[in-house]
Amino acid sequence: MAAESVSERYRAVCGQQGVKINPLVLEKLEKSSTTRSFTLKLAGSSEQKLCDDDVSALSKCLQDNRTVTGLDLRYNNITDGGVGHLEELLEVEDSPLRSLDLTFNDILADGAEVLAACLQGNNTLLSLRLSGNKLGNAGAMRLAQMLQVNRTLQELQLADCDLETPAVIALAIALKHNPVLRSVDLSRPLLFSLQEEWAVHFSEMFGVNGRLAELHLGKMGLTDTGVERLAEGLKQNRSLRYLDLRCNHVTHDGAQHLAGVLRHNTSLQVLDLSANRIEDVGAEHLSGALSWPGCVLTELSVCRNNIRTKGLLSVAQALVNNPTLTHVYIWGNHPEEPACLAFRELISSGRLSPQHTDVRPYQVDGHVFLAEVWQSLRKHVYSADGDGQDSDDAAAPDEPDPRPDCSS
């Protein structure tokens with residue numbers, strides 16, 4: 001179908017439904033490719049947001065289209081009713097849609113139930129992003145049930161969706177049996193129990209899941225006890241490449257458990273411990289493991305961990321000892337001049353690329369200091385694109401990190 005006919009069809013559908021033509025949608029359709037597959041990017045802004053009527057018209061005009069393989073509908077005003085309109089696209093036999101991004105809309109449990117029902121029979125969608133929608137326990141439980149059946153979905157983002165402990169546990173149990181999911185984000189749930197039962201289930205999942213490559217568990221209220229449980233399973237795991245534990249309550253004891261993981265795990269490449277409190281002792285535990293023969297970690301973030309000179313010097317030494325480690329992020333700690341000198345030497349010698357860290361040395365009156373550089377750990381190692389292949393450049397090194405501030 002030619003691009004002109006898609007935009008003309010959109011005009012016609014709007015007329016038939018009595019819906020006002022959305023200039024953003026019309027512009028994107030007019031500029032869209034007519035031969036190559038692409039993602040239709042309709043993220044909302046402060047000036048323009050899509051509503052359910054817009055989604056209804058868009059869904060109808062795309063029903064016979066084979067080139068739109070992704071829908072980016074982030075930051076709009078789409079509700080459960082709008083999800084009902086998207087059902088028409090997802091239930092089409094051999095639907096061309098490979099990715100659907102509904103991050104930060106107004107979708108609740110009923111909308112999640114509709115999506116779960118669609119995906120039980122859908123065998124083409126690879127990526128579903130629902131972060132920032134208040135799905136609650138009921139919505140997440142339906143998605144967990146869907147994962148018991150679906151054998152296509154490879155990426156599921158459910159951060160900041162008001163998940164409670166039963167839903168988090170249900171998702172962990174689903175991951176024990178799901179052989180296709182590669183990337184999951186469950187950050188910032190509503191966990192009121194201090195017993196961290198969910199960590200036990202994730203530990204068991206790590207022991208049997210041989211497919212999951214990326215897991216985000218930021219802002220889970222995770223403590224050293226929970227890390228100890230996770231570490232038991234992680235030592236057996238051979239698929240996880242990215243573990244995000246930012247913004248938790250991990251101290252030096254938790255860092256010691258993770259150091260044990262790094263000595264046994266042969267797959268983990270990226271570890272995000274930003275905004276915890278591992279301090280000097282925890283940094284030394286991790287650095288000792290990084291110097292261990294066979295450690296394959298390539299990227300580490302220990303930003304804002306109350307690490308002082310002794311701990312930062314141990315991290316610098318780990319870079320010297322371990323040629324595999326290439327990205328280190330340390331801003332927000334407390335380096336004195338010896339640590340500043342060590343990192344200046346690493347950068348000036350070429351051992352640490354200026355693009356692979358978040359500090360830059362400078363000198364004033366003969367003294368060396370470190371300044372912040374707006375770079376951060378990449379946010380993903382896996383991207384479910386059109387062919388479902390891993391993407392090691394999912395985010396550029398200097399791309400600003402849009403995730404919530406961990407200091408709150």
# chains A, B, ... in the order shown; residues from 1 in each chain; ligands from 1
>>> select_by_dssp(residues="region 159-326 of chain A", states="helix (DSSP H, G or I)", output="PyMOL selection string")
chain A and resi 165-177+197-208+224-234+252-264+279-290+309-321
>>> closest_atom_pairs(of="region 312-378 of chain A", to="region 269-291 of chain A", cutoff="12 Å", atoms="only C-alpha atoms", output="tab-separated table")
residue	atom	partner	partner_atom	distance
A:Leu312	CA	A:Ala283	CA	7.2
A:Leu313	CA	A:Glu284	CA	8.8
A:Ser314	CA	A:Glu284	CA	5.7
A:Val315	CA	A:Ser287	CA	5.4
A:Ala316	CA	A:Ser287	CA	8.5
A:Gln317	CA	A:Ser287	CA	7.6
A:Ala318	CA	A:Ser287	CA	5.3
A:Leu319	CA	A:Ser291	CA	8.2
A:Val320	CA	A:Ser291	CA	8.7
A:Asn321	CA	A:Ser291	CA	5.6
A:Asn322	CA	A:Ser291	CA	5.5
A:Pro323	CA	A:Ser291	CA	9.3
A:Thr324	CA	A:Leu290	CA	9.1
A:Leu325	CA	A:Leu290	CA	8.0
A:Thr326	CA	A:Gln269	CA	10.4
A:His327	CA	A:Val270	CA	9.1
A:Val328	CA	A:Leu271	CA	10.1
A:Tyr329	CA	A:Ser274	CA	8.7
A:Ile330	CA	A:Ser274	CA	8.6
A:Trp331	CA	A:Ser274	CA	9.5
A:Gly332	CA	A:Ala275	CA	8.8
A:Asn333	CA	A:Glu279	CA	8.8
A:His334	CA	A:Glu279	CA	9.9
A:Pro335	CA	A:Asp280	CA	11.1
A:Ser376	CA	A:Ser274	CA	10.1
A:Leu377	CA	A:Asp272	CA	7.6
A:Arg378	CA	A:Val270	CA	8.9
>>> residues_around(residues="region 33-48 of chain A", least_positions_apart="3", cutoff="6 Å", atoms="only C-alpha atoms", output="list of chain:residue names")
A:Ala2, A:Ala3, A:Thr67, A:Val68, A:Thr69, A:Gly70, A:Leu71, A:Asp72, A:Leu73, A:Arg74, A:Tyr75, A:Asn76
>>> closest_atom_pairs(of="region 285-382 of chain A", to="region 215-235 of chain A", cutoff="12 Å", atoms="only C-alpha atoms", output="CSV")
residue,atom,partner,partner_atom,distance
A:Lys379,CA,A:His216,CA,9.5
A:His380,CA,A:Leu215,CA,9.3
A:Val381,CA,A:Leu215,CA,10.1
A:Tyr382,CA,A:Leu215,CA,10.2
>>> write_last_selection(atoms="N, CA, C and O atoms", output="PDB file, in the first residue's frame")
ATOM      1  N   LYS A 379      21.506   1.300  28.762  1.00  0.00           N
ATOM      2  CA  LYS A 379      20.285   0.881  29.441  1.00  0.00           C
ATOM      3  C   LYS A 379      19.851  -0.526  29.058  1.00  0.00           C
ATOM      4  O   LYS A 379      19.025  -1.127  29.744  1.00  0.00           O
ATOM      5  N   HIS A 380      20.366  -1.060  27.957  1.00  0.00           N
ATOM      6  CA  HIS A 380      19.963  -2.391  27.497  1.00  0.00           C
ATOM      7  C   HIS A 380      21.123  -3.076  26.787  1.00  0.00           C
ATOM      8  O   HIS A 380      21.961  -2.420  26.178  1.00  0.00           O
ATOM      9  N   VAL A 381      21.145  -4.389  26.865  1.00  0.00           N
ATOM     10  CA  VAL A 381      22.028  -5.159  25.993  1.00  0.00           C
ATOM     11  C   VAL A 381      21.207  -5.922  24.968  1.00  0.00           C
ATOM     12  O   VAL A 381      21.741  -6.464  24.013  1.00  0.00           O
ATOM     13  N   TYR A 382      19.899  -5.944  25.174  1.00  0.00           N
ATOM     14  CA  TYR A 382      19.039  -6.687  24.251  1.00  0.00           C
ATOM     15  C   TYR A 382      17.947  -5.766  23.736  1.00  0.00           C
ATOM     16  O   TYR A 382      17.349  -5.001  24.478  1.00  0.00           O
TER      17      TYR A 382
END
>>> residues_around(residues="region 345-347 of chain A", least_positions_apart="2", cutoff="9 Å", atoms="only C-alpha atoms", output="JSON list (two decimals) with N, CA and C atoms, in the first residue's frame")
[["chain", "number", "residue", "atom", "x", "y", "z"],
["A", 316, "ALA", "N", 40.05, 1.26, 40.32],
["A", 316, "ALA", "CA", 41.06, 1.62, 39.32],
["A", 316, "ALA", "C", 42.03, 0.47, 39.10],
["A", 319, "LEU", "N", 40.66, -2.23, 36.90],
["A", 319, "LEU", "CA", 40.78, -1.90, 35.48],
["A", 319, "LEU", "C", 42.16, -2.27, 34.94],
["A", 320, "VAL", "N", 43.17, -2.11, 35.76],
["A", 320, "VAL", "CA", 44.52, -2.47, 35.35],
["A", 320, "VAL", "C", 44.64, -3.98, 35.21],
["A", 340, "CYS", "N", 41.75, 10.54, 42.01],
["A", 340, "CYS", "CA", 41.68, 11.37, 40.81],
["A", 340, "CYS", "C", 42.88, 11.12, 39.90],
["A", 341, "LEU", "N", 44.06, 11.01, 40.52],
["A", 341, "LEU", "CA", 45.27, 10.75, 39.75],
["A", 341, "LEU", "C", 45.20, 9.38, 39.07],
["A", 342, "ALA", "N", 44.67, 8.38, 39.79],
["A", 342, "ALA", "CA", 44.58, 7.03, 39.24],
["A", 342, "ALA", "C", 43.68, 7.00, 38.01],
["A", 343, "PHE", "N", 42.55, 7.69, 38.08],
["A", 343, "PHE", "CA", 41.64, 7.68, 36.93],
["A", 343, "PHE", "C", 42.17, 8.56, 35.80],
["A", 349, "SER", "N", 46.23, 7.09, 29.51],
["A", 349, "SER", "CA", 46.97, 5.97, 28.93],
["A", 349, "SER", "C", 46.15, 5.22, 27.88],
["A", 350, "GLY", "N", 44.85, 5.52, 27.81],
["A", 350, "GLY", "CA", 43.99, 4.83, 26.86],
["A", 350, "GLY", "C", 43.34, 3.58, 27.42],
["A", 351, "ARG", "N", 43.68, 3.23, 28.68],
["A", 351, "ARG", "CA", 43.08, 2.04, 29.27],
["A", 351, "ARG", "C", 41.57, 2.22, 29.47],
["A", 352, "LEU", "N", 41.14, 3.43, 29.83],
["A", 352, "LEU", "CA", 39.72, 3.74, 30.01],
["A", 352, "LEU", "C", 39.35, 4.84, 29.03],
["A", 353, "SER", "N", 38.50, 4.52, 28.08],
["A", 353, "SER", "CA", 38.11, 5.50, 27.08],
["A", 353, "SER", "C", 37.28, 6.62, 27.72],
["A", 354, "PRO", "N", 37.50, 7.87, 27.33],
["A", 354, "PRO", "CA", 36.68, 8.97, 27.85],
["A", 354, "PRO", "C", 35.19, 8.78, 27.56],
["A", 360, "ARG", "N", 35.81, 13.18, 34.11],
["A", 360, "ARG", "CA", 36.89, 13.75, 33.30],
["A", 360, "ARG", "C", 37.85, 14.48, 34.22],
["A", 361, "PRO", "N", 39.14, 14.15, 34.17],
["A", 361, "PRO", "CA", 40.10, 14.81, 35.05],
["A", 361, "PRO", "C", 40.42, 16.24, 34.60]]
>>> residues_around(residues="Leu130 (chain A)", least_positions_apart="4", cutoff="8 Å", atoms="only C-alpha atoms", output="VMD selection string")
chain A and resid 101 to 104 156 to 159 161
>>> write_last_selection(atoms="N, CA, C and O atoms", output="CSV table (one decimal), in the first residue's frame")
chain,number,residue,atom,x,y,z
A,101,ASP,N,4.9,0.0,22.0
A,101,ASP,CA,5.4,0.8,23.1
A,101,ASP,C,4.3,1.7,23.6
A,101,ASP,O,3.9,2.7,22.9
A,102,LEU,N,3.7,1.4,24.8
A,102,LEU,CA,2.7,2.2,25.4
A,102,LEU,C,3.1,2.8,26.7
A,102,LEU,O,2.3,3.0,27.6
A,103,THR,N,4.4,3.0,26.9
A,103,THR,CA,5.0,3.6,28.1
A,103,THR,C,4.3,4.9,28.5
A,103,THR,O,4.1,5.7,27.7
A,104,PHE,N,4.0,4.9,29.8
A,104,PHE,CA,3.4,6.1,30.4
A,104,PHE,C,2.2,6.7,29.6
A,104,PHE,O,2.1,7.7,29.1
A,156,LEU,N,9.6,-7.5,27.8
A,156,LEU,CA,8.4,-7.1,28.5
A,156,LEU,C,8.9,-6.0,29.5
A,156,LEU,O,9.6,-6.4,30.4
A,157,GLN,N,8.4,-4.8,29.4
A,157,GLN,CA,8.7,-3.8,30.4
A,157,GLN,C,7.5,-3.4,31.2
A,157,GLN,O,6.5,-2.9,30.7
A,158,LEU,N,7.6,-3.6,32.6
A,158,LEU,CA,6.6,-3.3,33.5
A,158,LEU,C,7.1,-2.5,34.7
A,158,LEU,O,6.6,-2.7,35.8
A,159,ALA,N,8.0,-1.6,34.4
A,159,ALA,CA,8.5,-0.7,35.5
A,159,ALA,C,7.4,0.3,35.9
A,159,ALA,O,6.6,0.8,35.1
A,161,CYS,N,4.6,0.1,37.5
A,161,CYS,CA,3.2,-0.3,37.1
A,161,CYS,C,2.4,-0.7,38.4
A,161,CYS,O,1.3,-1.3,38.3
>>> residues_around(residues="region 176-178 of chain A", least_positions_apart="4", cutoff="7 Å", atoms="only C-alpha atoms", output="list of chain:residue names")
A:Leu147, A:Gln148, A:Ala172, A:Met205, A:Val208, A:Asn209
>>> write_last_selection(atoms="N, CA and C atoms", output="PDB file, in the first residue's frame")
ATOM      1  N   LEU A 147       2.182 -15.275  29.796  1.00  0.00           N
ATOM      2  CA  LEU A 147       3.551 -15.739  29.565  1.00  0.00           C
ATOM      3  C   LEU A 147       3.671 -17.255  29.676  1.00  0.00           C
ATOM      4  N   GLN A 148       2.711 -17.881  30.330  1.00  0.00           N
ATOM      5  CA  GLN A 148       2.724 -19.348  30.408  1.00  0.00           C
ATOM      6  C   GLN A 148       2.396 -19.969  29.051  1.00  0.00           C
ATOM      7  N   ALA A 172       7.902 -14.125  38.218  1.00  0.00           N
ATOM      8  CA  ALA A 172       9.103 -14.951  38.388  1.00  0.00           C
ATOM      9  C   ALA A 172       8.807 -16.412  38.073  1.00  0.00           C
ATOM     10  N   MET A 205      14.339 -19.137  39.651  1.00  0.00           N
ATOM     11  CA  MET A 205      14.209 -18.939  38.208  1.00  0.00           C
ATOM     12  C   MET A 205      15.577 -18.891  37.540  1.00  0.00           C
ATOM     13  N   VAL A 208      17.045 -22.237  36.526  1.00  0.00           N
ATOM     14  CA  VAL A 208      16.465 -23.077  35.475  1.00  0.00           C
ATOM     15  C   VAL A 208      16.277 -22.334  34.147  1.00  0.00           C
ATOM     16  N   ASN A 209      16.255 -21.000  34.174  1.00  0.00           N
ATOM     17  CA  ASN A 209      16.022 -20.244  32.945  1.00  0.00           C
ATOM     18  C   ASN A 209      17.329 -20.090  32.171  1.00  0.00           C
TER      19      ASN A 209
END
>>> residues_around(residues="Ser56 (chain A)", least_positions_apart="2", cutoff="9 Å", atoms="only C-alpha atoms", output="mmCIF file with C-alpha atoms, in the first residue's frame")
data_model
loop_
_atom_site.group_PDB
_atom_site.id
_atom_site.type_symbol
_atom_site.label_atom_id
_atom_site.label_comp_id
_atom_site.auth_asym_id
_atom_site.auth_seq_id
_atom_site.Cartn_x
_atom_site.Cartn_y
_atom_site.Cartn_z
ATOM 1 C CA GLN A 17 -15.944 8.083 12.596
ATOM 2 C CA CYS A 51 -6.381 9.942 22.784
ATOM 3 C CA ASP A 52 -8.483 6.804 22.337
ATOM 4 C CA ASP A 53 -10.286 8.212 19.277
ATOM 5 C CA ASP A 54 -6.933 8.801 17.576
ATOM 6 C CA LEU A 58 -5.107 4.784 13.390
ATOM 7 C CA SER A 59 -5.847 1.100 14.020
ATOM 8 C CA LYS A 60 -8.457 0.967 11.276
ATOM 9 C CA CYS A 61 -6.236 2.631 8.681
ATOM 10 C CA GLY A 82 -7.672 2.724 23.315
ATOM 11 C CA GLY A 84 -9.375 -2.207 22.880
ATOM 12 C CA HIS A 85 -8.868 -0.549 19.494
ATOM 13 C CA LEU A 86 -5.298 -1.885 19.260
#
>>> select_by_dssp(residues="region 16-248 of chain A", states="strand (DSSP E)", output="list in words")
Phe38, Thr39, Leu40, Lys41, Val68, Thr69, Gly70, Leu71, Asp72, Ser99, Leu100, Asp101, Ser127, Leu128, Arg129, Glu155, Leu156, Gln157, Ser183, Val184, Asp185, Glu214, Leu215, His216, Tyr242, Leu243 and Asp244 of chain A
>>> decode(residues="region 217-232 of chain A", atoms="all heavy atoms", output="PDB file, in the first residue's frame")
ATOM      1  N   LEU A 217      15.804  -4.735  38.053  1.00  0.00           N
ATOM      2  CA  LEU A 217      15.187  -4.817  39.378  1.00  0.00           C
ATOM      3  C   LEU A 217      15.535  -3.572  40.186  1.00  0.00           C
ATOM      4  O   LEU A 217      15.900  -3.645  41.353  1.00  0.00           O
ATOM      5  CB  LEU A 217      15.657  -6.080  40.110  1.00  0.00           C
ATOM      6  CG  LEU A 217      15.311  -7.421  39.449  1.00  0.00           C
ATOM      7  CD1 LEU A 217      15.962  -8.572  40.207  1.00  0.00           C
ATOM      8  CD2 LEU A 217      13.796  -7.628  39.382  1.00  0.00           C
ATOM      9  N   GLY A 218      15.425  -2.410  39.569  1.00  0.00           N
ATOM     10  CA  GLY A 218      15.710  -1.169  40.263  1.00  0.00           C
ATOM     11  C   GLY A 218      14.572  -0.770  41.184  1.00  0.00           C
ATOM     12  O   GLY A 218      13.408  -1.065  40.942  1.00  0.00           O
ATOM     13  N   LYS A 219      14.896  -0.105  42.277  1.00  0.00           N
ATOM     14  CA  LYS A 219      13.905   0.403  43.232  1.00  0.00           C
ATOM     15  C   LYS A 219      12.968  -0.690  43.734  1.00  0.00           C
ATOM     16  O   LYS A 219      11.759  -0.516  43.806  1.00  0.00           O
ATOM     17  CB  LYS A 219      13.109   1.547  42.604  1.00  0.00           C
ATOM     18  CG  LYS A 219      13.930   2.816  42.400  1.00  0.00           C
ATOM     19  CD  LYS A 219      13.058   4.008  42.068  1.00  0.00           C
ATOM     20  CE  LYS A 219      13.911   5.283  42.013  1.00  0.00           C
ATOM     21  NZ  LYS A 219      13.098   6.493  41.754  1.00  0.00           N
ATOM     22  N   MET A 220      13.550  -1.839  44.082  1.00  0.00           N
ATOM     23  CA  MET A 220      12.770  -2.956  44.608  1.00  0.00           C
ATOM     24  C   MET A 220      12.801  -3.000  46.131  1.00  0.00           C
ATOM     25  O   MET A 220      12.174  -3.881  46.732  1.00  0.00           O
ATOM     26  CB  MET A 220      13.325  -4.278  44.066  1.00  0.00           C
ATOM     27  CG  MET A 220      13.338  -4.417  42.563  1.00  0.00           C
ATOM     28  SD  MET A 220      11.732  -4.763  41.834  1.00  0.00           S
ATOM     29  CE  MET A 220      11.428  -6.450  42.339  1.00  0.00           C
ATOM     30  N   GLY A 221      13.562  -2.108  46.769  1.00  0.00           N
ATOM     31  CA  GLY A 221      13.760  -2.210  48.211  1.00  0.00           C
ATOM     32  C   GLY A 221      14.672  -3.368  48.569  1.00  0.00           C
ATOM     33  O   GLY A 221      14.661  -3.857  49.704  1.00  0.00           O
ATOM     34  N   LEU A 222      15.476  -3.808  47.622  1.00  0.00           N
ATOM     35  CA  LEU A 222      16.335  -4.982  47.797  1.00  0.00           C
ATOM     36  C   LEU A 222      17.408  -4.729  48.846  1.00  0.00           C
ATOM     37  O   LEU A 222      18.105  -3.714  48.808  1.00  0.00           O
ATOM     38  CB  LEU A 222      16.981  -5.325  46.463  1.00  0.00           C
ATOM     39  CG  LEU A 222      17.880  -6.550  46.399  1.00  0.00           C
ATOM     40  CD1 LEU A 222      17.058  -7.818  46.577  1.00  0.00           C
ATOM     41  CD2 LEU A 222      18.634  -6.584  45.071  1.00  0.00           C
ATOM     42  N   THR A 223      17.554  -5.660  49.783  1.00  0.00           N
ATOM     43  CA  THR A 223      18.571  -5.572  50.822  1.00  0.00           C
ATOM     44  C   THR A 223      19.641  -6.632  50.607  1.00  0.00           C
ATOM     45  O   THR A 223      19.568  -7.431  49.674  1.00  0.00           O
ATOM     46  CB  THR A 223      17.945  -5.764  52.219  1.00  0.00           C
ATOM     47  OG1 THR A 223      17.503  -7.134  52.344  1.00  0.00           O
ATOM     48  CG2 THR A 223      16.759  -4.824  52.432  1.00  0.00           C
ATOM     49  N   ASP A 224      20.619  -6.662  51.487  1.00  0.00           N
ATOM     50  CA  ASP A 224      21.687  -7.660  51.379  1.00  0.00           C
ATOM     51  C   ASP A 224      21.140  -9.084  51.472  1.00  0.00           C
ATOM     52  O   ASP A 224      21.650 -10.000  50.829  1.00  0.00           O
ATOM     53  CB  ASP A 224      22.721  -7.433  52.483  1.00  0.00           C
ATOM     54  CG  ASP A 224      23.439  -6.114  52.333  1.00  0.00           C
ATOM     55  OD1 ASP A 224      23.503  -5.595  51.201  1.00  0.00           O
ATOM     56  OD2 ASP A 224      23.932  -5.581  53.350  1.00  0.00           O
ATOM     57  N   THR A 225      20.099  -9.275  52.280  1.00  0.00           N
ATOM     58  CA  THR A 225      19.492 -10.604  52.399  1.00  0.00           C
ATOM     59  C   THR A 225      18.901 -11.044  51.068  1.00  0.00           C
ATOM     60  O   THR A 225      19.063 -12.190  50.638  1.00  0.00           O
ATOM     61  CB  THR A 225      18.399 -10.588  53.481  1.00  0.00           C
ATOM     62  OG1 THR A 225      18.968 -10.213  54.724  1.00  0.00           O
ATOM     63  CG2 THR A 225      17.759 -11.963  53.616  1.00  0.00           C
ATOM     64  N   GLY A 226      18.210 -10.119  50.390  1.00  0.00           N
ATOM     65  CA  GLY A 226      17.666 -10.436  49.084  1.00  0.00           C
ATOM     66  C   GLY A 226      18.753 -10.716  48.060  1.00  0.00           C
ATOM     67  O   GLY A 226      18.619 -11.615  47.223  1.00  0.00           O
ATOM     68  N   VAL A 227      19.837  -9.936  48.110  1.00  0.00           N
ATOM     69  CA  VAL A 227      20.961 -10.166  47.198  1.00  0.00           C
ATOM     70  C   VAL A 227      21.553 -11.553  47.434  1.00  0.00           C
ATOM     71  O   VAL A 227      21.918 -12.257  46.483  1.00  0.00           O
ATOM     72  CB  VAL A 227      22.037  -9.086  47.376  1.00  0.00           C
ATOM     73  CG1 VAL A 227      23.277  -9.424  46.547  1.00  0.00           C
ATOM     74  CG2 VAL A 227      21.499  -7.721  46.952  1.00  0.00           C
ATOM     75  N   GLU A 228      21.644 -11.950  48.692  1.00  0.00           N
ATOM     76  CA  GLU A 228      22.177 -13.282  49.003  1.00  0.00           C
ATOM     77  C   GLU A 228      21.329 -14.364  48.350  1.00  0.00           C
ATOM     78  O   GLU A 228      21.853 -15.341  47.804  1.00  0.00           O
ATOM     79  CB  GLU A 228      22.224 -13.478  50.512  1.00  0.00           C
ATOM     80  CG  GLU A 228      22.855 -14.804  50.933  1.00  0.00           C
ATOM     81  CD  GLU A 228      22.970 -14.959  52.440  1.00  0.00           C
ATOM     82  OE1 GLU A 228      22.417 -14.109  53.177  1.00  0.00           O
ATOM     83  OE2 GLU A 228      23.617 -15.932  52.894  1.00  0.00           O
ATOM     84  N   ARG A 229      19.989 -14.188  48.403  1.00  0.00           N
ATOM     85  CA  ARG A 229      19.102 -15.164  47.756  1.00  0.00           C
ATOM     86  C   ARG A 229      19.313 -15.167  46.244  1.00  0.00           C
ATOM     87  O   ARG A 229      19.424 -16.222  45.627  1.00  0.00           O
ATOM     88  CB  ARG A 229      17.643 -14.822  48.067  1.00  0.00           C
ATOM     89  CG  ARG A 229      17.259 -14.829  49.525  1.00  0.00           C
ATOM     90  CD  ARG A 229      17.118 -16.256  50.088  1.00  0.00           C
ATOM     91  NE  ARG A 229      18.411 -16.821  50.444  1.00  0.00           N
ATOM     92  CZ  ARG A 229      19.070 -16.539  51.557  1.00  0.00           C
ATOM     93  NH1 ARG A 229      18.574 -15.670  52.423  1.00  0.00           N
ATOM     94  NH2 ARG A 229      20.223 -17.114  51.828  1.00  0.00           N
ATOM     95  N   LEU A 230      19.368 -13.965  45.632  1.00  0.00           N
ATOM     96  CA  LEU A 230      19.571 -13.885  44.192  1.00  0.00           C
ATOM     97  C   LEU A 230      20.891 -14.515  43.782  1.00  0.00           C
ATOM     98  O   LEU A 230      20.988 -15.192  42.746  1.00  0.00           O
ATOM     99  CB  LEU A 230      19.539 -12.426  43.735  1.00  0.00           C
ATOM    100  CG  LEU A 230      18.215 -11.667  43.854  1.00  0.00           C
ATOM    101  CD1 LEU A 230      18.400 -10.224  43.395  1.00  0.00           C
ATOM    102  CD2 LEU A 230      17.120 -12.345  43.047  1.00  0.00           C
ATOM    103  N   ALA A 231      21.931 -14.298  44.592  1.00  0.00           N
ATOM    104  CA  ALA A 231      23.266 -14.793  44.249  1.00  0.00           C
ATOM    105  C   ALA A 231      23.299 -16.313  44.152  1.00  0.00           C
ATOM    106  O   ALA A 231      24.033 -16.874  43.333  1.00  0.00           O
ATOM    107  CB  ALA A 231      24.281 -14.303  45.282  1.00  0.00           C
ATOM    108  N   GLU A 232      22.496 -16.982  44.967  1.00  0.00           N
ATOM    109  CA  GLU A 232      22.481 -18.445  44.929  1.00  0.00           C
ATOM    110  C   GLU A 232      22.088 -18.958  43.551  1.00  0.00           C
ATOM    111  O   GLU A 232      22.673 -19.912  43.030  1.00  0.00           O
ATOM    112  CB  GLU A 232      21.508 -18.970  45.997  1.00  0.00           C
ATOM    113  CG  GLU A 232      21.966 -18.684  47.428  1.00  0.00           C
ATOM    114  CD  GLU A 232      20.878 -18.978  48.449  1.00  0.00           C
ATOM    115  OE1 GLU A 232      19.757 -19.377  48.028  1.00  0.00           O
ATOM    116  OE2 GLU A 232      21.121 -18.786  49.650  1.00  0.00           O
TER     117      GLU A 232
END
